[in-house]
Every structure is written in structure tokens, then in C-alpha cells.
Amino acid sequence: PHPSPQPPPLSRLRERGGGAAEGGGGGVRALLPPFLSALASLADETNREIDRTGHYTLFAPLLPHLRAVAERAEPLFPARPGSEPAADLALLWNSLGYHLHDVAAYAEARACYERALRIDEAAFGPDHPNVARDVNNLGRVLRALGDLAGAKACLERALRIDEATFGPDHPNVATAVNNLGGVLQDLGDLAGAKACCERALGIWERALGLEHPHVAIAVNNLGSVLWALGDLAGAKACLERALRIDEAAFGPDHPHVATAVNNLGSVLEDMGDLAGAKACYERALRIDEAAFGPDHPEVARDVNNLGSVLWALGDLAGAKACFERALRIKEALYDPHHPSIATTINNLGLVLQDLGDLAGAKACLERALRIFRQRLPPDHPHIRIVEENLRRVALHE
């Protein structure tokens, strides 16, 4: 999770995932359920280890086999109420989707989560905790794809199921509340986002202790909301706490550390500590490039934000190169109307304005405004930012 953009002094936007062979069906049916169960558990455990270590290549040996096994098993073990093979099959699809989400294969992840959800609904009904898990993960990937309304509906459903199943103070409830808070922040509902972050933080602190990595997630997200609300001191304290927890839990080079460092950089930039902000963004970028490669959305986020501070430092050529790189990554990953694309296009437009290319600046800002108006609520602050940036360009034409 990372901050959604907020109007800084120069109106930059910064950013804060076949049937059995003939004659062999009986043997396959007898052998496949225990193998399916073991493989589903291994995939789930591998994702947990990746979360702990940040080593995404650990999933590579499993990847060729998971989809093949799931595709073969699905027609052999149709979902029926209480079916144990169906539960394992859904976990297999869910685990595959989780990894694909991590490596930014969002459309494939969505398809996996939707298959898991169909199986779990058929096997357990619409209000089972497994369904909440699938809907939560589907909501996360819809958010990554820019479908904020769809994400919100999924996460609200997951929250309803988990509250009914576990009560209001269970860690599963905190997960749904935390994720819902991120979507509310993206939608511009900062008060709702803050309430979600504070609730998730309280649950996790009571259940897991003050130094648990889940606590760092909630503290990071609360810091992001406080930053967007203009409480820079409160945001800085939260993000420094999240960073301390993550470095203690994961070491200095984990992607979770990069998230906290990136967000701290945004706060330092708004506080006027441009050298500190630049160091944060460069550190986050080194970590994320090492973890994900050069073309991941986390890398695009870091590069976008590095461009912001380079612009503030007067390095217009460096800023332009950063925004163009971030835009290339995002356009390869997302549909053309994704709000994250609009964020970087806005920033590129402002650099073009400062470089004297008013026509290019106007074209960028008009494109960013069209995207934001299409995807965000009409009173969202991003829309006001870009409208004001367009007015500034018009004054110089």
C-alpha cells in the first residue's frame, strides 16, 4: 500500500498486488485428491515464505504445474457442498492468483481468483470464510486494475462475511478493513480511510503485538492517510514506525521496506527535505528493481516519485526521463484509462510546461483529466489538481 496523490506546492502527483486420459480415469481420481491437497498447501506455504523473504523466484518451480493440475482436476471434482477436493482446488487457484498478483500479472490473477470464488461458493455457499478470502483477494486485484467500485464492493462483502463469522475484532476482519481503507483513500474518502486504518491497527496490535509486520502494514497505511490529510508530523511518525518494524522483521532490502521508505520520502518532500526524499526514493527503487525487475508497478511508483523530487530540485531533464519511464511501465501493464497512468501523465505535463512545451503539456493534462473524470468520483481532489494545472498552462499560452 502507498499514498494516493495529494496536491503538493507545485501540484505534482505522487503515488504511494482436461479430462483424464482414456482408460486411466479411475487411477487418476484415486491419486489426484491427496496430490491436489499437498500441492495446494505447498503453493500457499510458498506464498507465505515469499511474503517473508521477498524472493519471488521461489514460486518458479511450482508455476508450470499449478495451472495444469488445477485444469485437470476441475472437471474431475466438480464443486459440491462440503467437497474437500473442491476446497483444495479453490486454494490452488487462489494461491496461483496471489503469486500472479505479486508479479503484476493482474488480468491472470483476476481470472484465478474468480475461479476460486466460483468453486468455494458452490462448495460452501456465499457466506463462508473461504469465500471471504477469495472476495478479499479479488477486491485487491480489482483495485490494482483501477476498478475502484468493484474493489469496494468485494471488500465490503468480505468484511460482512468475516464479521459475521469471527466477530468484530478478529485479525481476518482487520485484513478486510485495511484493504477497504486503501480503496476508500483511492476514492478520495480520507475520513473513511483513516477510520479503517485505525480500526485495523487496533485489532492487529491487540491480537498480534506491537511489532508484528501486519501492524507495520496498518501503521504505514495510516501514515499515508495522514499525509494526504496534511498531517505531516503524524504521517512521518507512523512511517518511521512502520519502517523500524519492517527492517527488524525482514531486513533492509525487502519490498515491504521499500514501501515504507517510498512513503516516508513523500512526507520528507512535502516537509522540504528534498535531499532526504531523494535518498528515500532511490533506496526504494533499488530494492524494488532487485525484487521485481525493471518493469513492475512498484518500480513505476518509485520512478514517478523520484521524478517529482528531481523536478523540485530543478533537474527537469532527469524528471522528464523518470516520468517517461514510469509511464512506459504503466501503459504496458494497465488499460489506457487507469488512474495511475493519469497521475504520471499529469506530472509529465508539468515538466513539459516548465521546459516550454506548452502544447505537449496541455495534451498531457487534458488526457489526465479525461481519465480521472472517467474513473474517479466527481469531487475527487485529483480532478481539482489537474483542472488547476490546466488553468496555469492556459495563462502561459
# chains A, B, ... in the order shown; residues from 1 in each chain; ligands from 1

$ residues_around --residues "Pro252 of chain A" --least-positions-apart "5" --cutoff "10 Å" --atoms "only C-alpha atoms" --output "ChimeraX atom specification"
/A:243-244,246-247,257-258,283,287

$ residues_around --residues "Glu298 of chain A" --least-positions-apart "2" --cutoff "9 Å" --atoms "only C-alpha atoms" --output "list in words"
Pro255, Ala258, Thr259, Ala284, Leu285, Asp288, Glu289, Phe292, Asp295, His296, Ala300, Arg301, Asp302 and Val303 of chain A

$ write_last_selection --atoms "N, CA, C and O atoms" --output "PDB file, in the first residue's frame"
ATOM      1  N   PRO A 255      10.814  -5.769  -0.137  1.00  0.00           N
ATOM      2  CA  PRO A 255       9.853  -4.841  -0.747  1.00  0.00           C
ATOM      3  C   PRO A 255       8.951  -4.118   0.253  1.00  0.00           C
ATOM      4  O   PRO A 255       8.540  -2.975  -0.012  1.00  0.00           O
ATOM      5  N   ALA A 258      10.745  -1.156   1.134  1.00  0.00           N
ATOM      6  CA  ALA A 258      10.696  -0.176   0.050  1.00  0.00           C
ATOM      7  C   ALA A 258       9.410   0.644   0.095  1.00  0.00           C
ATOM      8  O   ALA A 258       9.421   1.854  -0.162  1.00  0.00           O
ATOM      9  N   THR A 259       8.292   0.000   0.420  1.00  0.00           N
ATOM     10  CA  THR A 259       7.028   0.726   0.508  1.00  0.00           C
ATOM     11  C   THR A 259       7.092   1.798   1.583  1.00  0.00           C
ATOM     12  O   THR A 259       6.708   2.953   1.359  1.00  0.00           O
ATOM     13  N   ALA A 284      14.218   2.983  -2.288  1.00  0.00           N
ATOM     14  CA  ALA A 284      13.048   2.172  -2.643  1.00  0.00           C
ATOM     15  C   ALA A 284      13.204   1.598  -4.042  1.00  0.00           C
ATOM     16  O   ALA A 284      12.891   0.424  -4.294  1.00  0.00           O
ATOM     17  N   LEU A 285      13.695   2.410  -4.961  1.00  0.00           N
ATOM     18  CA  LEU A 285      13.855   1.956  -6.337  1.00  0.00           C
ATOM     19  C   LEU A 285      14.875   0.821  -6.426  1.00  0.00           C
ATOM     20  O   LEU A 285      14.639  -0.184  -7.120  1.00  0.00           O
ATOM     21  N   ASP A 288      13.175  -2.373  -5.083  1.00  0.00           N
ATOM     22  CA  ASP A 288      12.110  -2.925  -5.926  1.00  0.00           C
ATOM     23  C   ASP A 288      12.646  -3.450  -7.251  1.00  0.00           C
ATOM     24  O   ASP A 288      12.157  -4.474  -7.761  1.00  0.00           O
ATOM     25  N   GLU A 289      13.637  -2.787  -7.830  1.00  0.00           N
ATOM     26  CA  GLU A 289      14.227  -3.328  -9.059  1.00  0.00           C
ATOM     27  C   GLU A 289      14.883  -4.679  -8.790  1.00  0.00           C
ATOM     28  O   GLU A 289      14.787  -5.594  -9.624  1.00  0.00           O
ATOM     29  N   PHE A 292      11.769  -7.189  -8.177  1.00  0.00           N
ATOM     30  CA  PHE A 292      10.738  -7.391  -9.200  1.00  0.00           C
ATOM     31  C   PHE A 292      11.239  -7.258 -10.633  1.00  0.00           C
ATOM     32  O   PHE A 292      10.517  -7.612 -11.560  1.00  0.00           O
ATOM     33  N   ASP A 295      10.338  -3.546 -14.644  1.00  0.00           N
ATOM     34  CA  ASP A 295       9.064  -3.164 -15.257  1.00  0.00           C
ATOM     35  C   ASP A 295       7.853  -3.468 -14.380  1.00  0.00           C
ATOM     36  O   ASP A 295       6.758  -3.702 -14.891  1.00  0.00           O
ATOM     37  N   HIS A 296       8.012  -3.422 -13.082  1.00  0.00           N
ATOM     38  CA  HIS A 296       6.928  -3.711 -12.139  1.00  0.00           C
ATOM     39  C   HIS A 296       6.265  -2.404 -11.708  1.00  0.00           C
ATOM     40  O   HIS A 296       6.907  -1.351 -11.689  1.00  0.00           O
ATOM     41  N   ALA A 300       7.569   1.518 -11.074  1.00  0.00           N
ATOM     42  CA  ALA A 300       6.971   2.713 -11.686  1.00  0.00           C
ATOM     43  C   ALA A 300       6.620   3.749 -10.621  1.00  0.00           C
ATOM     44  O   ALA A 300       6.817   4.956 -10.815  1.00  0.00           O
ATOM     45  N   ARG A 301       6.084   3.292  -9.492  1.00  0.00           N
ATOM     46  CA  ARG A 301       5.770   4.204  -8.394  1.00  0.00           C
ATOM     47  C   ARG A 301       7.022   4.928  -7.920  1.00  0.00           C
ATOM     48  O   ARG A 301       7.036   6.154  -7.754  1.00  0.00           O
ATOM     49  N   ASP A 302       8.106   4.175  -7.690  1.00  0.00           N
ATOM     50  CA  ASP A 302       9.340   4.768  -7.195  1.00  0.00           C
ATOM     51  C   ASP A 302       9.915   5.760  -8.201  1.00  0.00           C
ATOM     52  O   ASP A 302      10.390   6.844  -7.823  1.00  0.00           O
ATOM     53  N   VAL A 303       9.894   5.389  -9.476  1.00  0.00           N
ATOM     54  CA  VAL A 303      10.453   6.254 -10.511  1.00  0.00           C
ATOM     55  C   VAL A 303       9.611   7.525 -10.648  1.00  0.00           C
ATOM     56  O   VAL A 303      10.148   8.631 -10.813  1.00  0.00           O
TER      57      VAL A 303
END

$ closest_atom_pairs --of "segment 130-236 of chain A" --to "segment 80-99 of chain A" --cutoff "12 Å" --atoms "only C-alpha atoms" --output "CSV"
residue,atom,partner,partner_atom,distance
A:Asn130,CA,A:Ala87,CA,8.3
A:Val131,CA,A:Ala90,CA,9.6
A:Ala132,CA,A:Asn94,CA,11.8
A:Arg133,CA,A:Asn94,CA,8.7
A:Asp134,CA,A:Asn94,CA,6.8
A:Val135,CA,A:Asn94,CA,10.2
A:Asn136,CA,A:Asn94,CA,10.8
A:Asn137,CA,A:Tyr98,CA,7.6
A:Leu138,CA,A:Gly97,CA,9.0
A:Gly139,CA,A:Tyr98,CA,11.9
A:Arg140,CA,A:Tyr98,CA,9.9
A:Val141,CA,A:Tyr98,CA,9.1

$ select_by_dssp --residues "segment 146-215 of chain A" --states "helix (DSSP H, G or I)" --output "PyMOL selection string"
chain A and resi 148-166+171-186+190-208+213-215

$ residues_around --residues "Ala216 of chain A" --least-positions-apart "3" --cutoff "12 Å" --atoms "only C-alpha atoms" --output "ChimeraX atom specification"
/A:1,178,197,200-202,204-205,208-213,219-223,238-250,256-257,259-260

$ residues_around --residues "segment 337-343 of chain A" --least-positions-apart "4" --cutoff "10 Å" --atoms "only C-alpha atoms" --output "compact mmCIF listing (two decimals) with N, CA, C and O atoms, in the first residue's frame"
# COMPACT_ATOMS: atom_id res chain seq x y z
N SER A 4 -1.97 7.78 -1.93
CA SER A 4 -2.56 8.35 -3.12
C SER A 4 -2.13 9.79 -3.22
O SER A 4 -1.76 10.42 -2.23
N PRO A 5 -2.14 10.35 -4.46
CA PRO A 5 -1.58 11.68 -4.64
C PRO A 5 -2.32 12.75 -3.86
O PRO A 5 -3.50 12.67 -3.61
N ARG A 12 2.45 18.60 -8.09
CA ARG A 12 2.86 17.29 -8.59
C ARG A 12 1.95 16.24 -7.99
O ARG A 12 1.35 16.45 -6.94
N LEU A 13 1.86 15.11 -8.63
CA LEU A 13 1.12 13.99 -8.08
C LEU A 13 2.10 12.86 -7.81
O LEU A 13 2.85 12.47 -8.69
N ARG A 14 2.08 12.34 -6.59
CA ARG A 14 2.95 11.23 -6.23
C ARG A 14 2.10 10.03 -5.83
O ARG A 14 0.93 10.18 -5.54
N GLU A 15 2.71 8.87 -5.77
CA GLU A 15 1.95 7.65 -5.56
C GLU A 15 2.44 6.89 -4.34
O GLU A 15 3.63 6.86 -4.05
N ALA A 144 -5.97 -2.90 -8.05
CA ALA A 144 -4.76 -2.74 -8.87
C ALA A 144 -5.10 -2.45 -10.32
O ALA A 144 -4.38 -1.71 -11.01
N LEU A 145 -6.21 -3.00 -10.80
CA LEU A 145 -6.65 -2.78 -12.18
C LEU A 145 -7.37 -1.45 -12.36
O LEU A 145 -7.74 -1.10 -13.48
N GLY A 146 -7.61 -0.72 -11.26
CA GLY A 146 -8.27 0.57 -11.35
C GLY A 146 -9.77 0.52 -11.25
O GLY A 146 -10.43 1.56 -11.40
N ASP A 147 -10.35 -0.64 -10.98
CA ASP A 147 -11.80 -0.78 -10.82
C ASP A 147 -12.13 -0.56 -9.35
O ASP A 147 -12.32 -1.51 -8.59
N LEU A 148 -12.20 0.70 -8.95
CA LEU A 148 -12.35 1.00 -7.52
C LEU A 148 -13.74 0.66 -7.01
O LEU A 148 -13.89 0.20 -5.87
N ASP A 186 -8.16 5.77 -2.24
CA ASP A 186 -8.09 5.97 -3.69
C ASP A 186 -9.31 6.74 -4.19
O ASP A 186 -9.22 7.51 -5.16
N PRO A 297 4.97 -2.44 -11.32
CA PRO A 297 4.31 -1.21 -10.89
C PRO A 297 4.94 -0.55 -9.67
O PRO A 297 4.88 0.68 -9.54
N ALA A 300 7.57 1.52 -11.07
CA ALA A 300 6.97 2.71 -11.69
C ALA A 300 6.62 3.75 -10.62
O ALA A 300 6.82 4.96 -10.82
N ARG A 301 6.08 3.29 -9.49
CA ARG A 301 5.77 4.20 -8.39
C ARG A 301 7.02 4.93 -7.92
O ARG A 301 7.04 6.15 -7.75
N ASN A 304 8.28 7.38 -10.59
CA ASN A 304 7.41 8.56 -10.63
C ASN A 304 7.77 9.53 -9.49
O ASN A 304 7.90 10.74 -9.70
N PHE A 323 9.54 10.39 -15.45
CA PHE A 323 8.11 10.31 -15.73
C PHE A 323 7.86 9.51 -17.01
O PHE A 323 6.89 8.73 -17.08
N ALA A 326 8.28 5.82 -16.02
CA ALA A 326 7.12 5.37 -15.25
C ALA A 326 5.91 5.17 -16.15
O ALA A 326 5.16 4.19 -16.00
N LEU A 327 5.72 6.08 -17.08
CA LEU A 327 4.57 5.99 -17.99
C LEU A 327 4.68 4.76 -18.89
O LEU A 327 3.68 4.06 -19.11
N ARG A 328 5.87 4.47 -19.39
CA ARG A 328 6.04 3.28 -20.24
C ARG A 328 5.68 2.01 -19.47
O ARG A 328 5.00 1.12 -19.99
N ILE A 329 6.13 1.92 -18.23
CA ILE A 329 5.83 0.73 -17.42
C ILE A 329 4.32 0.60 -17.22
O ILE A 329 3.73 -0.47 -17.40
N LYS A 330 3.69 1.69 -16.86
CA LYS A 330 2.25 1.65 -16.56
C LYS A 330 1.42 1.36 -17.80
O LYS A 330 0.45 0.59 -17.75
N GLU A 331 1.78 1.96 -18.91
CA GLU A 331 0.99 1.73 -20.13
C GLU A 331 1.12 0.28 -20.60
O GLU A 331 0.19 -0.25 -21.22
N LEU A 333 1.27 -2.22 -18.50
CA LEU A 333 0.60 -3.04 -17.50
C LEU A 333 -0.91 -2.84 -17.46
O LEU A 333 -1.66 -3.77 -17.20
N ASN A 347 2.11 14.59 -14.25
CA ASN A 347 3.44 15.03 -13.86
C ASN A 347 4.32 15.33 -15.08
O ASN A 347 5.07 16.31 -15.09
N LEU A 348 4.20 14.50 -16.09
CA LEU A 348 4.94 14.75 -17.33
C LEU A 348 4.50 16.06 -17.95
O LEU A 348 5.34 16.85 -18.44
N CYS A 364 -1.02 16.49 -22.39
CA CYS A 364 -0.88 15.56 -21.26
C CYS A 364 -1.94 15.83 -20.20
O CYS A 364 -2.61 14.90 -19.71
N LEU A 365 -2.10 17.08 -19.84
CA LEU A 365 -3.03 17.41 -18.77
C LEU A 365 -4.47 17.14 -19.17
O LEU A 365 -5.28 16.68 -18.34
N GLU A 366 -4.81 17.38 -20.41
CA GLU A 366 -6.17 17.08 -20.87
C GLU A 366 -6.43 15.58 -20.84
O GLU A 366 -7.52 15.13 -20.46
N ARG A 367 -5.41 14.78 -21.21
CA ARG A 367 -5.57 13.32 -21.15
C ARG A 367 -5.73 12.86 -19.70
O ARG A 367 -6.59 12.02 -19.39
N ALA A 368 -4.90 13.39 -18.80
CA ALA A 368 -5.01 13.03 -17.40
C ALA A 368 -6.39 13.38 -16.84
O ALA A 368 -7.00 12.58 -16.11
N LEU A 369 -6.90 14.53 -17.21
CA LEU A 369 -8.21 14.95 -16.70
C LEU A 369 -9.31 14.04 -17.21
O LEU A 369 -10.23 13.68 -16.45
N ARG A 370 -9.24 13.64 -18.48
CA ARG A 370 -10.25 12.72 -19.02
C ARG A 370 -10.26 11.41 -18.24
O ARG A 370 -11.33 10.87 -17.92
N ILE A 371 -9.09 10.88 -17.95
CA ILE A 371 -9.01 9.60 -17.23
C ILE A 371 -9.59 9.76 -15.82
O ILE A 371 -10.41 8.95 -15.37
N PHE A 372 -9.17 10.79 -15.11
CA PHE A 372 -9.66 10.97 -13.75
C PHE A 372 -11.17 11.18 -13.72
O PHE A 372 -11.86 10.64 -12.84
N ARG A 373 -11.69 11.93 -14.65
CA ARG A 373 -13.14 12.15 -14.67
C ARG A 373 -13.88 10.85 -14.98
O ARG A 373 -15.01 10.65 -14.49
N GLN A 374 -13.27 9.98 -15.77
CA GLN A 374 -13.92 8.72 -16.11
C GLN A 374 -13.90 7.73 -14.94
O GLN A 374 -14.86 7.00 -14.73
N ARG A 375 -12.82 7.73 -14.15
CA ARG A 375 -12.61 6.67 -13.17
C ARG A 375 -12.83 7.08 -11.71
O ARG A 375 -12.98 6.22 -10.85
N LEU A 376 -12.84 8.38 -11.42
CA LEU A 376 -12.90 8.82 -10.03
C LEU A 376 -14.18 9.60 -9.76
O LEU A 376 -14.81 10.13 -10.69
N HIS A 382 -7.91 14.74 -7.08
CA HIS A 382 -7.07 14.64 -8.28
C HIS A 382 -7.66 15.47 -9.42
O HIS A 382 -6.91 16.07 -10.21
N VAL A 386 -5.66 18.63 -11.45
CA VAL A 386 -5.38 18.69 -12.88
C VAL A 386 -6.09 19.88 -13.52
O VAL A 386 -5.54 20.54 -14.42

$ residues_around --residues "Gly307 of chain A" --least-positions-apart "2" --cutoff "9 Å" --atoms "only C-alpha atoms" --output "list of chain:residue names"
A:Asp302, A:Val303, A:Asn304, A:Asn305, A:Val309, A:Leu310, A:Trp311, A:Ala312, A:Asp315, A:Leu316, A:Gly318, A:Ala319, A:Lys320, A:Ala321, A:Cys322, A:Phe323, A:Asn347

$ residues_around --residues "Thr46 of chain A" --least-positions-apart "4" --cutoff "12 Å" --atoms "only C-alpha atoms" --output "list in words"
Leu39, Ala40, Ser41, Leu42, Ile50, Asp51, Arg52, Thr53, Gly54, His55, Tyr56, Thr57, Leu58, Phe59, Ala60, Pro61, Leu62, Leu63, Leu92, Ser95, Leu96, Tyr98 and His99 of chain A

$ write_last_selection --atoms "C-alpha atoms" --output "tab-separated table (two decimals), in the first residue's frame"
chain	number	residue	atom	x	y	z
A	39	LEU	CA	0.21	-29.08	-3.95
A	40	ALA	CA	-2.35	-26.54	-2.76
A	41	SER	CA	-0.72	-26.46	0.67
A	42	LEU	CA	2.75	-26.14	-0.85
A	50	ILE	CA	7.79	-15.15	-0.34
A	51	ASP	CA	5.93	-12.61	1.77
A	52	ARG	CA	8.52	-13.20	4.49
A	53	THR	CA	11.64	-13.13	2.32
A	54	GLY	CA	10.70	-11.05	-0.74
A	55	HIS	CA	12.21	-13.73	-3.00
A	56	TYR	CA	9.59	-14.08	-5.73
A	57	THR	CA	11.62	-16.61	-7.70
A	58	LEU	CA	10.74	-19.22	-5.04
A	59	PHE	CA	7.45	-19.73	-6.87
A	60	ALA	CA	9.09	-20.50	-10.22
A	61	PRO	CA	9.39	-24.29	-9.75
A	62	LEU	CA	5.68	-24.54	-8.96
A	63	LEU	CA	4.32	-22.26	-11.63
A	92	LEU	CA	-4.77	-23.84	-5.57
A	95	SER	CA	-2.54	-19.30	-4.43
A	96	LEU	CA	-1.75	-19.07	-8.12
A	98	TYR	CA	-1.83	-14.46	-5.28
A	99	HIS	CA	1.55	-15.01	-6.95

$ decode --residues "segment 212-224 of chain A" --atoms "all heavy atoms" --output "PDB file, in the first residue's frame"
ATOM      1  N   HIS A 212       4.481  -6.624  15.159  1.00  0.00           N
ATOM      2  CA  HIS A 212       4.185  -7.605  14.108  1.00  0.00           C
ATOM      3  C   HIS A 212       4.164  -6.917  12.744  1.00  0.00           C
ATOM      4  O   HIS A 212       3.739  -5.761  12.621  1.00  0.00           O
ATOM      5  CB  HIS A 212       2.827  -8.259  14.389  1.00  0.00           C
ATOM      6  CG  HIS A 212       2.580  -9.486  13.571  1.00  0.00           C
ATOM      7  ND1 HIS A 212       2.127  -9.440  12.266  1.00  0.00           N
ATOM      8  CD2 HIS A 212       2.724 -10.809  13.864  1.00  0.00           C
ATOM      9  CE1 HIS A 212       1.998 -10.665  11.810  1.00  0.00           C
ATOM     10  NE2 HIS A 212       2.353 -11.515  12.746  1.00  0.00           N
ATOM     11  N   PRO A 213       4.605  -7.601  11.679  1.00  0.00           N
ATOM     12  CA  PRO A 213       4.575  -6.987  10.346  1.00  0.00           C
ATOM     13  C   PRO A 213       3.197  -6.514   9.903  1.00  0.00           C
ATOM     14  O   PRO A 213       3.092  -5.539   9.148  1.00  0.00           O
ATOM     15  CB  PRO A 213       5.103  -8.107   9.441  1.00  0.00           C
ATOM     16  CG  PRO A 213       5.998  -8.910  10.325  1.00  0.00           C
ATOM     17  CD  PRO A 213       5.337  -8.886  11.678  1.00  0.00           C
ATOM     18  N   HIS A 214       2.117  -7.194  10.340  1.00  0.00           N
ATOM     19  CA  HIS A 214       0.783  -6.701   9.992  1.00  0.00           C
ATOM     20  C   HIS A 214       0.533  -5.337  10.615  1.00  0.00           C
ATOM     21  O   HIS A 214      -0.151  -4.481  10.024  1.00  0.00           O
ATOM     22  CB  HIS A 214      -0.290  -7.683  10.466  1.00  0.00           C
ATOM     23  CG  HIS A 214      -0.426  -8.904   9.612  1.00  0.00           C
ATOM     24  ND1 HIS A 214       0.609  -9.446   8.910  1.00  0.00           N
ATOM     25  CD2 HIS A 214      -1.504  -9.704   9.353  1.00  0.00           C
ATOM     26  CE1 HIS A 214       0.202 -10.519   8.258  1.00  0.00           C
ATOM     27  NE2 HIS A 214      -1.083 -10.692   8.504  1.00  0.00           N
ATOM     28  N   VAL A 215       1.060  -5.117  11.799  1.00  0.00           N
ATOM     29  CA  VAL A 215       0.941  -3.808  12.435  1.00  0.00           C
ATOM     30  C   VAL A 215       1.653  -2.759  11.582  1.00  0.00           C
ATOM     31  O   VAL A 215       1.151  -1.634  11.397  1.00  0.00           O
ATOM     32  CB  VAL A 215       1.511  -3.847  13.870  1.00  0.00           C
ATOM     33  CG1 VAL A 215       1.647  -2.454  14.455  1.00  0.00           C
ATOM     34  CG2 VAL A 215       0.610  -4.718  14.754  1.00  0.00           C
ATOM     35  N   ALA A 216       2.802  -3.113  11.027  1.00  0.00           N
ATOM     36  CA  ALA A 216       3.519  -2.191  10.146  1.00  0.00           C
ATOM     37  C   ALA A 216       2.675  -1.826   8.927  1.00  0.00           C
ATOM     38  O   ALA A 216       2.687  -0.673   8.471  1.00  0.00           O
ATOM     39  CB  ALA A 216       4.847  -2.798   9.706  1.00  0.00           C
ATOM     40  N   ILE A 217       1.928  -2.798   8.386  1.00  0.00           N
ATOM     41  CA  ILE A 217       1.060  -2.502   7.237  1.00  0.00           C
ATOM     42  C   ILE A 217       0.035  -1.437   7.606  1.00  0.00           C
ATOM     43  O   ILE A 217      -0.152  -0.451   6.888  1.00  0.00           O
ATOM     44  CB  ILE A 217       0.362  -3.787   6.758  1.00  0.00           C
ATOM     45  CG1 ILE A 217       1.369  -4.749   6.133  1.00  0.00           C
ATOM     46  CG2 ILE A 217      -0.745  -3.458   5.760  1.00  0.00           C
ATOM     47  CD1 ILE A 217       0.801  -6.116   5.819  1.00  0.00           C
ATOM     48  N   ALA A 218      -0.636  -1.639   8.760  1.00  0.00           N
ATOM     49  CA  ALA A 218      -1.670  -0.692   9.157  1.00  0.00           C
ATOM     50  C   ALA A 218      -1.076   0.669   9.493  1.00  0.00           C
ATOM     51  O   ALA A 218      -1.653   1.711   9.146  1.00  0.00           O
ATOM     52  CB  ALA A 218      -2.450  -1.243  10.348  1.00  0.00           C
ATOM     53  N   VAL A 219       0.085   0.685  10.169  1.00  0.00           N
ATOM     54  CA  VAL A 219       0.726   1.958  10.519  1.00  0.00           C
ATOM     55  C   VAL A 219       1.175   2.680   9.248  1.00  0.00           C
ATOM     56  O   VAL A 219       1.034   3.910   9.131  1.00  0.00           O
ATOM     57  CB  VAL A 219       1.914   1.716  11.474  1.00  0.00           C
ATOM     58  CG1 VAL A 219       2.703   2.989  11.691  1.00  0.00           C
ATOM     59  CG2 VAL A 219       1.422   1.188  12.807  1.00  0.00           C
ATOM     60  N   ASN A 220       1.724   1.943   8.290  1.00  0.00           N
ATOM     61  CA  ASN A 220       2.102   2.539   7.009  1.00  0.00           C
ATOM     62  C   ASN A 220       0.895   3.174   6.334  1.00  0.00           C
ATOM     63  O   ASN A 220       0.950   4.314   5.857  1.00  0.00           O
ATOM     64  CB  ASN A 220       2.702   1.466   6.097  1.00  0.00           C
ATOM     65  CG  ASN A 220       2.996   1.994   4.711  1.00  0.00           C
ATOM     66  OD1 ASN A 220       4.022   2.620   4.471  1.00  0.00           O
ATOM     67  ND2 ASN A 220       2.084   1.757   3.782  1.00  0.00           N
ATOM     68  N   ASN A 221      -0.211   2.443   6.293  1.00  0.00           N
ATOM     69  CA  ASN A 221      -1.387   2.961   5.605  1.00  0.00           C
ATOM     70  C   ASN A 221      -1.988   4.149   6.344  1.00  0.00           C
ATOM     71  O   ASN A 221      -2.481   5.098   5.717  1.00  0.00           O
ATOM     72  CB  ASN A 221      -2.422   1.852   5.439  1.00  0.00           C
ATOM     73  CG  ASN A 221      -1.936   0.774   4.481  1.00  0.00           C
ATOM     74  OD1 ASN A 221      -0.961   0.973   3.753  1.00  0.00           O
ATOM     75  ND2 ASN A 221      -2.587  -0.363   4.481  1.00  0.00           N
ATOM     76  N   LEU A 222      -1.954   4.113   7.672  1.00  0.00           N
ATOM     77  CA  LEU A 222      -2.407   5.268   8.435  1.00  0.00           C
ATOM     78  C   LEU A 222      -1.515   6.474   8.144  1.00  0.00           C
ATOM     79  O   LEU A 222      -2.010   7.603   7.979  1.00  0.00           O
ATOM     80  CB  LEU A 222      -2.412   4.942   9.924  1.00  0.00           C
ATOM     81  CG  LEU A 222      -2.851   6.070  10.861  1.00  0.00           C
ATOM     82  CD1 LEU A 222      -4.255   6.559  10.532  1.00  0.00           C
ATOM     83  CD2 LEU A 222      -2.776   5.606  12.320  1.00  0.00           C
ATOM     84  N   GLY A 223      -0.212   6.249   8.059  1.00  0.00           N
ATOM     85  CA  GLY A 223       0.693   7.341   7.699  1.00  0.00           C
ATOM     86  C   GLY A 223       0.384   7.922   6.334  1.00  0.00           C
ATOM     87  O   GLY A 223       0.429   9.147   6.131  1.00  0.00           O
ATOM     88  N   SER A 224       0.024   7.059   5.400  1.00  0.00           N
ATOM     89  CA  SER A 224      -0.355   7.512   4.063  1.00  0.00           C
ATOM     90  C   SER A 224      -1.583   8.419   4.110  1.00  0.00           C
ATOM     91  O   SER A 224      -1.634   9.466   3.462  1.00  0.00           O
ATOM     92  CB  SER A 224      -0.638   6.288   3.180  1.00  0.00           C
ATOM     93  OG  SER A 224      -1.296   6.641   2.000  1.00  0.00           O
TER      94      SER A 224
END
